[in-house]
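Below is entry27.pdb, which holds PDB, C-alpha atoms.
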MODEL        1
ATOM      1  CA  MET A  14     -59.527  36.162 -81.009
ATOM      2  CA  ARG A  15     -58.337  33.655 -83.604
ATOM      3  CA  MET A  16     -56.912  36.491 -85.728
ATOM      4  CA  THR A  17     -55.005  37.867 -82.711
ATOM      5  CA  VAL A  18     -53.547  34.429 -81.968
ATOM      6  CA  LEU A  19     -52.677  33.965 -85.645
ATOM      7  CA  ALA A  20     -50.977  37.364 -85.830
ATOM      8  CA  ALA A  21     -49.079  36.784 -82.588
ATOM      9  CA  THR A  22     -47.977  33.330 -83.747
ATOM     10  CA  ALA A  23     -46.819  34.696 -87.104
ATOM     11  CA  ALA A  24     -44.915  37.545 -85.458
ATOM     12  CA  ALA A  25     -43.291  35.192 -82.937
ATOM     13  CA  ALA A  26     -42.280  32.757 -85.658
ATOM     14  CA  PHE A  27     -40.818  35.551 -87.757
ATOM     15  CA  LEU A  28     -38.920  37.143 -84.883
ATOM     16  CA  GLY A  29     -37.757  33.786 -83.555
ATOM     17  CA  GLY A  30     -36.405  32.848 -86.968
ATOM     18  CA  CYS A  31     -34.466  36.081 -87.241
ATOM     19  CA  GLY A  32     -32.267  35.536 -84.230
ATOM     20  CA  GLY A  33     -30.664  38.537 -82.634
ATOM     21  CA  PRO A  34     -28.332  41.111 -84.134
ATOM     22  CA  GLU A  35     -25.363  38.854 -83.512
ATOM     23  CA  THR A  36     -26.918  36.058 -85.572
ATOM     24  CA  SER A  37     -28.582  38.089 -88.271
ATOM     25  CA  GLN A  38     -27.236  37.601 -91.734
ATOM     26  CA  ALA A  39     -26.571  41.298 -92.165
ATOM     27  CA  ASN A  40     -24.240  41.250 -89.159
ATOM     28  CA  ASN A  41     -22.698  37.827 -89.619
ATOM     29  CA  GLY A  42     -20.169  37.580 -92.427
ATOM     30  CA  SER A  43     -19.978  33.793 -92.294
ATOM     31  CA  ALA A  44     -23.754  33.539 -92.683
ATOM     32  CA  ASN A  45     -23.640  35.569 -95.866
ATOM     33  CA  ILE A  46     -22.274  32.682 -97.889
ATOM     34  CA  SER A  47     -24.722  29.836 -98.186
ATOM     35  CA  ASN A  48     -23.466  26.275 -98.111
ATOM     36  CA  SER A  49     -26.955  25.015 -98.800
ATOM     37  CA  ALA A  50     -27.648  23.075-101.972
ATOM     38  CA  GLN A  51     -31.204  24.392-101.979
ATOM     39  CA  PRO A  52     -31.960  27.176-104.416
ATOM     40  CA  PRO A  53     -33.377  30.357-102.925
ATOM     41  CA  ALA A  54     -37.139  30.803-102.962
ATOM     42  CA  THR A  55     -38.375  32.522-106.068
ATOM     43  CA  ALA A  56     -39.922  35.936-105.855
ATOM     44  CA  ASN A  57     -43.275  34.566-106.986
ATOM     45  CA  SER A  58     -43.428  31.861-104.309
ATOM     46  CA  SER A  59     -43.851  34.495-101.629
ATOM     47  CA  ALA A  60     -46.781  36.305-103.271
ATOM     48  CA  THR A  61     -49.430  34.531-101.203
ATOM     49  CA  THR A  62     -47.388  34.884 -98.011
ATOM     50  CA  ASP A  63     -46.849  38.599 -98.737
ATOM     51  CA  ASN A  64     -50.558  39.256 -98.849
ATOM     52  CA  MET A  65     -51.284  37.242 -95.721
ATOM     53  CA  VAL A  66     -48.591  39.090 -93.768
ATOM     54  CA  MET A  67     -49.817  42.475 -94.932
ATOM     55  CA  LEU A  68     -53.391  41.587 -93.879
ATOM     56  CA  ALA A  69     -52.460  40.283 -90.408
ATOM     57  CA  MET A  70     -53.676  42.110 -87.321
ATOM     58  CA  ALA A  71     -51.472  44.836 -85.873
ATOM     59  CA  PRO A  72     -48.937  43.656 -83.267
ATOM     60  CA  SER A  73     -48.705  45.051 -79.739
ATOM     61  CA  ARG A  74     -46.501  48.123 -79.286
ATOM     62  CA  ASP A  75     -43.612  46.036 -77.922
ATOM     63  CA  GLN A  76     -43.926  43.552 -80.790
ATOM     64  CA  ALA A  77     -44.134  46.411 -83.276
ATOM     65  CA  LEU A  78     -40.947  47.994 -81.932
ATOM     66  CA  LYS A  79     -39.127  44.644 -82.195
ATOM     67  CA  ILE A  80     -40.326  44.201 -85.766
ATOM     68  CA  MET A  81     -39.283  47.768 -86.590
ATOM     69  CA  ARG A  82     -35.807  47.101 -85.162
ATOM     70  CA  SER A  83     -35.510  43.901 -87.205
ATOM     71  CA  ARG A  84     -36.680  45.822 -90.254
ATOM     72  CA  HIS A  85     -34.087  48.538 -89.677
ATOM     73  CA  GLU A  86     -31.313  45.958 -89.318
ATOM     74  CA  ALA A  87     -32.403  44.097 -92.448
ATOM     75  CA  MET A  88     -32.610  47.259 -94.547
ATOM     76  CA  GLU A  89     -29.304  48.520 -93.181
ATOM     77  CA  GLY A  90     -27.788  45.137 -94.052
ATOM     78  CA  LEU A  91     -29.104  45.446 -97.611
ATOM     79  CA  GLY A  92     -27.608  48.928 -97.908
ATOM     80  CA  LYS A  93     -24.239  47.687 -96.674
ATOM     81  CA  ALA A  94     -24.424  44.741 -99.064
ATOM     82  CA  MET A  95     -25.093  47.076-101.994
ATOM     83  CA  LYS A  96     -22.128  49.294-101.092
ATOM     84  CA  ALA A  97     -19.852  46.289-100.622
ATOM     85  CA  LEU A  98     -21.088  44.831-103.924
ATOM     86  CA  HIS A  99     -20.166  48.019-105.780
ATOM     87  CA  ARG A 100     -16.668  48.005-104.228
ATOM     88  CA  ALA A 101     -16.221  44.293-104.968
ATOM     89  CA  LEU A 102     -17.283  44.762-108.583
ATOM     90  CA  ASP A 103     -14.741  47.571-108.967
ATOM     91  CA  ALA A 104     -12.070  45.272-107.511
ATOM     92  CA  GLY A 105     -13.182  42.175-109.442
ATOM     93  CA  ASP A 106     -13.544  40.251-106.148
ATOM     94  CA  ILE A 107     -15.938  37.398-107.003
ATOM     95  CA  ASN A 108     -16.015  35.966-103.466
ATOM     96  CA  THR A 109     -17.204  39.252-101.962
ATOM     97  CA  VAL A 110     -19.634  39.706-104.862
ATOM     98  CA  ARG A 111     -21.112  36.276-104.094
ATOM     99  CA  ALA A 112     -21.417  37.039-100.388
ATOM    100  CA  GLN A 113     -23.202  40.331-100.994
ATOM    101  CA  THR A 114     -25.606  39.052-103.626
ATOM    102  CA  ALA A 115     -26.428  36.108-101.345
ATOM    103  CA  THR A 116     -27.317  38.577 -98.597
ATOM    104  CA  MET A 117     -29.600  40.434-100.975
ATOM    105  CA  ALA A 118     -31.208  37.265-102.342
ATOM    106  CA  THR A 119     -31.983  35.873 -98.893
ATOM    107  CA  THR A 120     -33.185  39.156 -97.363
ATOM    108  CA  ALA A 121     -35.300  40.474-100.256
ATOM    109  CA  PRO A 122     -38.136  37.911-100.032
ATOM    110  CA  LYS A 123     -38.512  38.719 -96.314
ATOM    111  CA  ILE A 124     -39.227  42.419 -96.888
ATOM    112  CA  PRO A 125     -43.060  42.237 -96.899
ATOM    113  CA  ALA A 126     -43.047  40.445 -93.536
ATOM    114  CA  LEU A 127     -41.045  43.342 -92.091
ATOM    115  CA  PHE A 128     -43.935  45.755 -92.710
ATOM    116  CA  PRO A 129     -47.034  44.409 -90.931
ATOM    117  CA  PRO A 130     -49.798  46.873 -90.082
ATOM    118  CA  GLY A 131     -49.066  48.744 -86.875
ATOM    119  CA  THR A 132     -45.344  49.241 -87.514
ATOM    120  CA  GLY A 133     -45.454  52.646 -89.161
ATOM    121  CA  PRO A 134     -44.279  56.106 -88.150
ATOM    122  CA  ASP A 135     -47.166  56.474 -85.693
ATOM    123  CA  VAL A 136     -45.569  53.751 -83.517
ATOM    124  CA  GLY A 137     -41.916  54.801 -83.464
ATOM    125  CA  LYS A 138     -38.985  56.184 -85.391
ATOM    126  CA  THR A 139     -38.935  54.807 -88.919
ATOM    127  CA  ARG A 140     -38.359  55.987 -92.456
ATOM    128  CA  ALA A 141     -41.243  53.811 -93.643
ATOM    129  CA  LYS A 142     -43.960  56.061 -95.034
ATOM    130  CA  PRO A 143     -47.661  55.428 -94.319
ATOM    131  CA  GLU A 144     -48.063  54.871 -98.077
ATOM    132  CA  ILE A 145     -46.704  51.325 -97.565
ATOM    133  CA  TRP A 146     -49.950  50.350 -95.845
ATOM    134  CA  LYS A 147     -52.171  52.600 -97.963
ATOM    135  CA  GLN A 148     -50.793  51.189-101.236
ATOM    136  CA  GLN A 149     -50.073  47.592-100.217
ATOM    137  CA  ASP A 150     -50.534  46.208-103.716
ATOM    138  CA  VAL A 151     -47.893  48.551-105.135
ATOM    139  CA  PHE A 152     -45.542  47.962-102.201
ATOM    140  CA  LEU A 153     -45.836  44.182-102.538
ATOM    141  CA  ARG A 154     -45.285  44.330-106.297
ATOM    142  CA  ARG A 155     -42.168  46.470-105.846
ATOM    143  CA  SER A 156     -40.916  44.120-103.128
ATOM    144  CA  ARG A 157     -41.326  41.149-105.460
ATOM    145  CA  GLU A 158     -39.547  43.038-108.262
ATOM    146  CA  PHE A 159     -36.595  43.713-105.944
ATOM    147  CA  ALA A 160     -36.561  40.066-104.840
ATOM    148  CA  ALA A 161     -36.526  38.916-108.464
ATOM    149  CA  ALA A 162     -33.657  41.288-109.319
ATOM    150  CA  ALA A 163     -31.719  40.133-106.234
ATOM    151  CA  GLN A 164     -32.205  36.469-107.132
ATOM    152  CA  THR A 165     -31.136  37.066-110.734
ATOM    153  CA  ILE A 166     -27.936  38.860-109.768
ATOM    154  CA  ASP A 167     -27.207  36.206-107.135
ATOM    155  CA  ALA A 168     -27.518  33.455-109.755
ATOM    156  CA  ALA A 169     -25.009  35.281-111.972
ATOM    157  CA  ALA A 170     -22.639  35.699-109.024
ATOM    158  CA  LYS A 171     -22.914  32.021-108.093
ATOM    159  CA  ALA A 172     -22.056  31.178-111.716
ATOM    160  CA  GLY A 173     -18.966  33.394-111.390
ATOM    161  CA  ASP A 174     -20.045  35.683-114.226
ATOM    162  CA  LEU A 175     -18.756  39.113-113.138
ATOM    163  CA  ASN A 176     -19.706  40.716-116.455
ATOM    164  CA  LYS A 177     -23.316  39.629-116.043
ATOM    165  CA  VAL A 178     -23.327  40.755-112.392
ATOM    166  CA  MET A 179     -22.045  44.164-113.501
ATOM    167  CA  ALA A 180     -24.822  44.386-116.081
ATOM    168  CA  LEU A 181     -27.483  43.284-113.578
ATOM    169  CA  HIS A 182     -26.482  45.492-110.657
ATOM    170  CA  GLU A 183     -28.196  48.440-112.334
ATOM    171  CA  ASP A 184     -31.467  46.459-112.288
ATOM    172  CA  VAL A 185     -31.046  45.929-108.537
ATOM    173  CA  ASP A 186     -30.301  49.638-108.022
ATOM    174  CA  LYS A 187     -33.437  50.550-110.014
ATOM    175  CA  ALA A 188     -35.566  48.099-108.029
ATOM    176  CA  CYS A 189     -34.326  49.640-104.767
ATOM    177  CA  LYS A 190     -35.077  53.147-105.991
ATOM    178  CA  ALA A 191     -38.515  52.140-107.306
ATOM    179  CA  CYS A 192     -39.513  51.205-103.759
ATOM    180  CA  HIS A 193     -37.543  53.834-101.831
ATOM    181  CA  ASP A 194     -38.884  56.810-103.784
ATOM    182  CA  PRO A 195     -42.556  56.328-102.886
ATOM    183  CA  PHE A 196     -42.219  54.423 -99.613
ATOM    184  CA  ARG A 197     -39.128  55.679 -97.727
ATOM    185  CA  ALA A 198     -38.928  59.048 -96.019
ATOM    186  CA  PRO A 199     -35.701  61.068 -96.174
ATOM    187  CA  GLU A 200     -33.280  60.887 -93.250
ATOM    188  CA  HIS A 201     -33.833  63.464 -90.533
TER     189      HIS A 201
ENDMDL
END

When written as structure tokens, how does the structure in this file appear?
Amino acid sequence: MRMTVLAATAAAAFLGGCGGPETSQANNGSANISNSAQPPATANSSATTDNMVMLAMAPSRDQALKIMRSRHEAMEGLGKAMKALHRALDAGDINTVRAQTATMATTAPKIPALFPPGTGPDVGKTRAKPEIWKQQDVFLRRSREFAAAAQTIDAAAKAGDLNKVMALHEDVDKACKACHDPFRAPEH
């Protein structure tokens, strides 16, 4: 019973903090540029949280579908940010570069929480492979590697160093691919 309450509380807190599609960072251009003086959380600070989220009890079907929708929106937002980053780098547009790397740096640490047990392909339409839950240690490590790459490129963008951002964007691409190859199914 306590585990169910804990899982429900964690899911509610996560979903409540996300807001709806109109307030999500991926869909809100003004939210993509942080005015906060606080540095983003480091990839390592979420390691304990990652493991706790992955070990939480499975949500109800309705909760799972909401989480899966949030996950889809977050991942779609990351994909759009990557495409916009590539265009902005080609154009030398530092403001757009900063906005896109900020999106990546704030979304990346949230990835493990988007994949609790009970939100796989057996519940609804998703490209998430069952291997995510079968190989949690690998998935979490790859998630942290992506978060670290996103934070590093964001720091270079905030410093206004386009040359460094250009050099680092390959690391971000590789980190995406390192997770997508084993854990994301092809589009249908």

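Closest approach to A:Thr139 from the set A:Arg74, A:Arg84, A:Arg100, A:Arg111 is made by A:Arg84, with distances taken over all atoms listed in the file.
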
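Note that atom CA of A:Ala87 and atom CA of A:Ala180 are 24.8 Å apart.
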
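Selection result for the displayed file, with the PyMOL selection byres ((chain A and resi 85) around 12) as criterion, is Pro34, Ser37, Ala39, Leu78, Lys79, Ile80, Met81, Arg82, Ser83, Arg84, Glu86, Ala87, Met88, Glu89, Gly90, Leu91, Gly92, Ile124, Leu127, Phe128, Thr132, Gly137, Lys138, Thr139, Arg140, Ala141 and Arg197 of chain A.
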
The PyMOL selection byres ((chain A and resi 97) around 12) applied to the shown file, residues as a PyMOL selection string = chain A and resi 39+42+90-96+98-114+116-117

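We find atom CA of A:Ala191 and atom CA of A:Gln76 to be spaced 28.4 Å apart.
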
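The two atoms in question, atom CA of A:Lys142 and atom CA of A:Asp194, are spaced 10.1 Å apart.
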
message = Considering only C-alpha atoms, can you say which of A:Pro129, A:Ala169, A:Asp150, A:Phe196 comes closest to A:Ala71?
response = A:Pro129

ask   = From the set A:Gln164, A:Asp174, A:Glu200, A:Glu158, which residue has the shortest atom-to-atom contact distance to A:Lys187, counting all atoms listed in the file?
value = A:Glu158

task = Would you kindly return, as a PyMOL selection string, each protein, DNA or RNA residue with an atom no farther than 8 Å from any atom of A:Ala118, considering only C-alpha atoms and excluding same-chain residues fewer than 6 positions away?
result = chain A and resi 53+160+163-164+167

Once you have the residues from the selection above, write them out as a PDB file, keeping the file's coordinate frame, restricted to C-alpha atoms.
ATOM      1  CA  PRO A  53     -33.377  30.357-102.925  1.00  0.00           C
ATOM      2  CA  ALA A 160     -36.561  40.066-104.840  1.00  0.00           C
ATOM      3  CA  ALA A 163     -31.719  40.133-106.234  1.00  0.00           C
ATOM      4  CA  GLN A 164     -32.205  36.469-107.132  1.00  0.00           C
ATOM      5  CA  ASP A 167     -27.207  36.206-107.135  1.00  0.00           C
TER       6      ASP A 167
END

task = Could you tell me which of A:Lys171, A:Arg157, A:Lys147, A:Lys190 comes closest to A:Thr120 if we count only C-alpha atoms?
result = A:Arg157
